[in-house]
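Chemist: Below you will find the structure I want to go over with you.
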Amino acid sequence: MVTTPSQSQQLTAIQANVAAIRQELNARFLERSREIDALFVAAISRQHLVFVGDAGEAKSAVTEAFTARITGSTYFKTQIFAQTTADEIDGPFDIPALEQGHLRRQTATYMPEATVAYLDEIWNGGPALLNGLLMKLNEREFRNDGQVHTIPLEMCIGSSNRMPQQADDRGQDLRALQDRFALWLIVPTLSDGGHRQFMTDELARRKARARKENTTGRAGTTISLDELHILQQAALEVEIPADVLETWYEIRDQLAQKRYPKPSTRRSGWLLDLVCAHTILFGRTTATADDLTILQHALWQRPDDARAVAALVVGVANPILAKAQELYDLVQSVSEECIVFHVNPSNGKAEKRTKVIEARQSISNLGRELTALRDQARGAGRDPSQIETMIVQAREKHRQVTKLEGGDAF
């Protein structure tokens with residue numbers, strides 16, 4: 001634990017800045033709160049993560065906006081193709097040295113000297129290229145001219161529009177590399193309501209760009225690389241009470257009962273890193289069962305299992321949050337159904353109005369239930385922040401539906 005008042009104050013101040021960055025990025029990127037939090041957890045735990053989702057869903061934009069908020073970091077980005085060579089990852093060979101018989105790469109501006117690496121379309125690379133990443137990702141080491149060098153890599157983010165098994169028929173060759181990434185997130189397309197809000201926001205950003213304003217999400221509150229190291233140290237010192245470990249054992253047992261693959265021994269150690277990083281991210285120094293919810297992104301291996309594994313993890317770790325998620329899913333469903341119905345020209349005006357009134361009432365009722373669950377979480381000593389976020393988002397859904405006919409949000 002942090003031992004002095006000054007260290008404690010410093011940690012609190014950094015955590016406050018992190019909270020501000022999260023708020024700013026969430027305001028810029030609609031429906032990407034999971035991805036933003038996962039990036040922070042990966043950075044604090046010094047683990048790697050993968051985003052899987054369709055092209056054009058802000059995987060790169062969120063990553064670059066996040067990285068820009070860490071001052072003093074060195075960022076390496078490349079898009080990987082089937083023809084990509086090690087020269088484009090590790091740097092070209094030093095020709096004068098090569099003439100002297102030395103296989104020395106010029107690594108400046110390449111991955112071996114980066115603190116954060118982003119590999120777009122990662123699974124497009126050939127086996128030799130991708131297997132060459134293993135040592136850098138796991139040991140944080142790089143072999144150059146016969147010597148092994150420690151590299152400063154804090155985290156690597158991979159992204160793709162497909163899982164590696166779907167990229168080609170060499171999926172088995174990539175299992176070792178897959179295992180180096182602790183967090184896996186499937187990035188969904190925006191909901192219909194989210195798309196409408198995006199278009200409204202994008203129109204405003206176009207006007208801002210005309211005024212030469214920065215609209216990328218890369219400007220705002222920052223933390224320094226040294227401050228990230230302080231967060232990483234604090235995560236190493238997080239206390240994990242016995243009841244939290246017992247909750248993890250229950251999650252593991254239920255995964256086994258449902259015949260989901262168990263995490264390897266190595267990955268089990270990484271899961272502790274993720275839990276501790278999540279604790280620090282949410283401003284605590286002692287883990288609670290709430291912090292186990294981050295594991296929903298670390299325990300599935302097949303995309304078809306991701307939703308069910310997430311429901312299992314959250315249901316065991318935080319039943320109140322699980323119920324809140326069910327209610328919020330209903331909010332989204334009601335909102336989407338109403339918007340789709342309203343834009344359908346074959347539906348009459350009276351029918352549309354009735355649909356809007358029913359949707360508004362349903363979302364209002366669900367919002368009140370979410371508020372009750374938030375109060376219940378507080379009373380039980382649980383972190384209510386994620387439910388509070390759902391309440392804010394439910395109000396936004398209510399506002400979007402209300403705008404179809406006019407009225408006040410709940």
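Please note that chains go A, B, ... in the order of the structure tokens, that every chain numbers its residues from 1, and that ligands are numbered from 1 in the order shown.
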Write out as a tab-separated table the residues of segment 89-115 of chain A that have any atom within 9 Å of an atom of segment 67-75 of chain A, one row each with the nearest atom pair and its distance in Å to one decimal, counting only C-alpha atoms, sorted by chain and then rising number.

Modeler:
```
residue	atom	partner	partner_atom	distance
A:Thr109	CA	A:Thr74	CA	8.3
A:Tyr110	CA	A:Tyr75	CA	8.8
A:Met111	CA	A:Tyr75	CA	8.3
A:Glu113	CA	A:Thr74	CA	7.5
A:Ala114	CA	A:Thr74	CA	4.9
A:Thr115	CA	A:Thr74	CA	5.1
```

Chemist: Print the selection's residues with N, CA and C atoms to a file, as an mmCIF file, in the first residue's frame.

Modeler:
```cif
data_model
loop_
_atom_site.group_PDB
_atom_site.id
_atom_site.type_symbol
_atom_site.label_atom_id
_atom_site.label_comp_id
_atom_site.auth_asym_id
_atom_site.auth_seq_id
_atom_site.Cartn_x
_atom_site.Cartn_y
_atom_site.Cartn_z
ATOM 1 N N THR A 109 12.321 4.835 -33.927
ATOM 2 C CA THR A 109 10.949 5.064 -34.437
ATOM 3 C C THR A 109 10.197 3.771 -34.715
ATOM 4 N N TYR A 110 10.781 2.624 -34.380
ATOM 5 C CA TYR A 110 10.100 1.353 -34.606
ATOM 6 C C TYR A 110 9.706 0.706 -33.269
ATOM 7 N N MET A 111 9.062 -0.453 -33.335
ATOM 8 C CA MET A 111 8.472 -1.062 -32.152
ATOM 9 C C MET A 111 9.466 -1.316 -31.012
ATOM 10 N N GLU A 113 11.609 0.430 -29.753
ATOM 11 C CA GLU A 113 11.857 1.612 -28.930
ATOM 12 C C GLU A 113 10.560 2.307 -28.515
ATOM 13 N N ALA A 114 9.424 1.648 -28.733
ATOM 14 C CA ALA A 114 8.134 2.244 -28.417
ATOM 15 C C ALA A 114 7.672 1.853 -27.013
ATOM 16 N N THR A 115 6.956 2.764 -26.367
ATOM 17 C CA THR A 115 6.307 2.423 -25.101
ATOM 18 C C THR A 115 4.904 1.887 -25.333
#
```

Chemist: Segment 172-181 of chain A: which residues within 10 Å, counting only C-alpha atoms, same-chain residues fewer than 4 positions away excluded, as a PyMOL selection string?

Modeler: chain A and resi 42+47-50+123+126-128+130-135+137-138+155-158+163-165+168+263-264+266-267+270+298+301

Chemist: Mind dumping the selected residues with N, CA and C atoms as a compact mmCIF listing (two decimals), in the first residue's frame?

Modeler:
```txt
# COMPACT_ATOMS: atom_id res chain seq x y z
N ALA A 42 -5.26 -2.15 -19.39
CA ALA A 42 -4.09 -2.73 -20.04
C ALA A 42 -2.84 -1.92 -19.73
N GLN A 47 -0.37 -5.10 -19.62
CA GLN A 47 -0.82 -6.21 -20.44
C GLN A 47 -1.21 -5.71 -21.82
N HIS A 48 -1.49 -6.64 -22.71
CA HIS A 48 -1.81 -6.30 -24.08
C HIS A 48 -3.28 -6.62 -24.37
N LEU A 49 -3.84 -5.93 -25.36
CA LEU A 49 -5.25 -6.19 -25.67
C LEU A 49 -5.49 -6.17 -27.17
N VAL A 50 -6.62 -6.79 -27.54
CA VAL A 50 -7.03 -6.86 -28.94
C VAL A 50 -8.46 -6.34 -29.07
N TRP A 123 -3.73 -9.82 -37.57
CA TRP A 123 -3.70 -11.23 -37.97
C TRP A 123 -3.43 -11.42 -39.45
N GLY A 126 2.18 -12.87 -41.77
CA GLY A 126 2.58 -14.27 -41.88
C GLY A 126 3.09 -14.82 -40.57
N PRO A 127 3.18 -16.15 -40.44
CA PRO A 127 3.61 -16.77 -39.18
C PRO A 127 4.96 -16.30 -38.70
N ALA A 128 5.92 -16.13 -39.61
CA ALA A 128 7.26 -15.71 -39.18
C ALA A 128 7.22 -14.32 -38.56
N LEU A 130 4.59 -12.75 -37.20
CA LEU A 130 3.83 -12.71 -35.95
C LEU A 130 4.54 -13.46 -34.83
N ASN A 131 5.16 -14.57 -35.14
CA ASN A 131 5.92 -15.28 -34.10
C ASN A 131 7.11 -14.45 -33.63
N GLY A 132 7.58 -13.54 -34.48
CA GLY A 132 8.66 -12.65 -34.07
C GLY A 132 8.23 -11.64 -33.01
N LEU A 133 6.92 -11.51 -32.79
CA LEU A 133 6.42 -10.61 -31.76
C LEU A 133 6.46 -11.23 -30.37
N LEU A 134 6.53 -12.55 -30.28
CA LEU A 134 6.35 -13.25 -29.00
C LEU A 134 7.31 -12.75 -27.93
N MET A 135 8.58 -12.67 -28.24
CA MET A 135 9.58 -12.27 -27.26
C MET A 135 9.37 -10.83 -26.82
N LEU A 137 6.50 -9.17 -26.76
CA LEU A 137 5.29 -9.02 -25.98
C LEU A 137 5.40 -9.65 -24.60
N ASN A 138 6.03 -10.81 -24.51
CA ASN A 138 6.05 -11.53 -23.23
C ASN A 138 7.23 -11.11 -22.36
N MET A 155 2.58 -1.49 -23.38
CA MET A 155 1.41 -2.23 -23.84
C MET A 155 1.40 -2.28 -25.36
N CYS A 156 0.77 -3.32 -25.87
CA CYS A 156 0.56 -3.45 -27.30
C CYS A 156 -0.94 -3.62 -27.54
N ILE A 157 -1.46 -2.88 -28.49
CA ILE A 157 -2.86 -3.00 -28.88
C ILE A 157 -2.90 -3.57 -30.29
N GLY A 158 -3.62 -4.66 -30.44
CA GLY A 158 -3.85 -5.21 -31.76
C GLY A 158 -5.30 -4.97 -32.15
N MET A 163 -11.36 -12.69 -36.14
CA MET A 163 -10.54 -13.50 -35.24
C MET A 163 -9.45 -14.18 -36.07
N PRO A 164 -8.34 -14.56 -35.46
CA PRO A 164 -7.23 -15.13 -36.24
C PRO A 164 -7.59 -16.41 -36.98
N GLN A 165 -8.48 -17.24 -36.40
CA GLN A 165 -8.86 -18.47 -37.08
C GLN A 165 -9.60 -18.18 -38.37
N ASP A 168 -7.13 -16.90 -41.87
CA ASP A 168 -6.61 -17.83 -42.85
C ASP A 168 -6.65 -19.23 -42.24
N PRO A 263 -8.59 -20.86 -17.94
CA PRO A 263 -7.38 -20.09 -18.27
C PRO A 263 -6.13 -20.87 -17.85
N SER A 264 -5.07 -20.71 -18.61
CA SER A 264 -3.81 -21.35 -18.26
C SER A 264 -3.27 -20.77 -16.96
N ARG A 266 -0.43 -19.38 -16.53
CA ARG A 266 0.16 -18.07 -16.84
C ARG A 266 -0.91 -17.00 -16.90
N ARG A 267 -2.02 -17.29 -17.60
CA ARG A 267 -3.08 -16.31 -17.73
C ARG A 267 -3.75 -16.03 -16.40
N TRP A 270 -2.03 -13.30 -14.89
CA TRP A 270 -2.38 -12.05 -15.55
C TRP A 270 -3.74 -11.53 -15.09
N ALA A 298 -11.48 -11.35 -20.57
CA ALA A 298 -10.24 -12.12 -20.54
C ALA A 298 -10.46 -13.63 -20.50
N GLN A 301 -12.70 -17.55 -25.35
CA GLN A 301 -11.79 -17.86 -26.44
C GLN A 301 -12.48 -17.89 -27.79
```

Chemist: With distances taken over only C-alpha atoms, which residue among A:Val331, A:Gln197, A:Gln23, A:Glu35 lies nearest Arg395 of chain A?

Modeler: A:Val331

Chemist: Name the residues in contact with segment 187-192 of chain A at a cut-off of 10 Å, using only C-alpha atoms, excluding same-chain residues fewer than 5 positions from it; report them as a ChimeraX atom specification.

Modeler: /A:30-32,34-35,50-59,159,161,197-198,332-333,335-337,339-340

Chemist: List every residue of segment 68-289 of chain A that DSSP, applied to the backbone of this structure, assigns to strand (DSSP E or B), and report them as a PyMOL selection string.

Modeler: chain A and resi 70-71+75-79+93+105+116-120+141-144+147-150+155-160+183-187+223-224+239+286

Chemist: For Arg218 of chain A, find every residue with an atom within 8 Å (counting only C-alpha atoms), except residues of its own chain fewer than 3 positions away, and show them as a PyMOL selection string.

Modeler: chain A and resi 64-66+68-69+214-215

Chemist: Create the file for the chosen residues now, containing N, CA and C atoms and written as a PDB file, in the first residue's frame.

Modeler:
```
ATOM      1  N   GLU A  64      -5.699   5.902 -30.569  1.00  0.00           N
ATOM      2  CA  GLU A  64      -4.798   7.042 -30.757  1.00  0.00           C
ATOM      3  C   GLU A  64      -5.152   8.197 -29.826  1.00  0.00           C
ATOM      4  N   ALA A  65      -6.448   8.405 -29.575  1.00  0.00           N
ATOM      5  CA  ALA A  65      -6.846   9.460 -28.635  1.00  0.00           C
ATOM      6  C   ALA A  65      -6.387   9.116 -27.227  1.00  0.00           C
ATOM      7  N   PHE A  66      -6.504   7.842 -26.862  1.00  0.00           N
ATOM      8  CA  PHE A  66      -6.036   7.391 -25.544  1.00  0.00           C
ATOM      9  C   PHE A  66      -4.528   7.586 -25.418  1.00  0.00           C
ATOM     10  N   ALA A  68      -2.563   9.569 -26.926  1.00  0.00           N
ATOM     11  CA  ALA A  68      -2.173  10.987 -26.895  1.00  0.00           C
ATOM     12  C   ALA A  68      -2.317  11.589 -25.513  1.00  0.00           C
ATOM     13  N   ARG A  69      -3.091  10.940 -24.639  1.00  0.00           N
ATOM     14  CA  ARG A  69      -3.277  11.467 -23.288  1.00  0.00           C
ATOM     15  C   ARG A  69      -2.171  11.037 -22.333  1.00  0.00           C
ATOM     16  N   ASN A 214      -9.434  21.380 -32.589  1.00  0.00           N
ATOM     17  CA  ASN A 214      -9.081  19.955 -32.531  1.00  0.00           C
ATOM     18  C   ASN A 214     -10.307  19.154 -32.120  1.00  0.00           C
ATOM     19  N   THR A 215     -10.737  18.223 -32.978  1.00  0.00           N
ATOM     20  CA  THR A 215     -11.927  17.422 -32.679  1.00  0.00           C
ATOM     21  C   THR A 215     -11.621  15.932 -32.594  1.00  0.00           C
TER      22      THR A 215
END
```

Chemist: May I have the residues within 8 Å of segment 363-372 of chain A as a list in words, using only C-alpha atoms and disregarding those fewer than 2 positions away in the same chain?

Modeler: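 In the requested form, the answer reads Ala324, Leu327, Tyr328, Leu330, Val331, Val334, Ser335, Ala359, Arg360, Gln361, Arg374, Asp375, Gln376, Ile387, Glu388, Met390, Ile391, Ala394, Arg395, Lys397, His398 and Phe410 of chain A.
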
Chemist: Quick one: everything within 12 Å of Glu237 of chain A, counting only C-alpha atoms, minus sequence neighbours fewer than 4 positions away in the same chain. Send it as a PyMOL selection string.

Modeler: chain A and resi 1-3+45+230-233+272-273+275-277+279-280+284-287

Chemist: I need the residue nearest Asp290 of chain A from this list: A:Gln147, A:Gln9, A:Ser362, A:Ser385. Use only C-alpha atoms for the distance.

Modeler: A:Ser385

Chemist: Please report the interatomic distance between atom CA of Ile14 of chain A and atom CA of Asp291 of chain A in Å with one decimal.

Modeler: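 The value is 19.2 Å.
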
Chemist: Could you tell me, as an MDAnalysis selection string, which residues of segment 317-353 of chain A DSSP assigns to alpha helix (DSSP H) when given the backbone?

Modeler: chainID A and resid 317 319:343 349:353

Chemist: Record the distance separating atom CA of Trp184 of chain A and atom CA of Leu299 of chain A, expressed in Å with one decimal.

Modeler: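 Atom CA of Leu299 of chain A lies at a distance of 8.7 Å from atom CA of Trp184 of chain A.
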
Chemist: Point out the residue among A:Phe76, A:Leu225, A:Gly348, A:Gly220 with the least atom-to-atom distance to Tyr118 of chain A, counting only C-alpha atoms.

Modeler: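 Nearest candidate to Tyr118 of chain A out of A:Phe76, A:Leu225, A:Gly348, A:Gly220: A:Phe76.
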
Chemist: Any idea what's packed within 9 Å of Ile294 of chain A, counting only C-alpha atoms, ignoring anything in its chain fewer than 4 positions away? Could you give it as a ChimeraX atom specification?

Modeler: /A:38,41,183,271,274-275,278,290,298,313-314

Chemist: Would you mind telling me which residue in A:Ala27, A:Ile36, A:Leu312, A:Ala306 lies nearest to Leu281 of chain A when using only C-alpha atoms?

Modeler: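 Of A:Ala27, A:Ile36, A:Leu312, A:Ala306, the one nearest Leu281 of chain A is A:Ile36, counting only C-alpha atoms.
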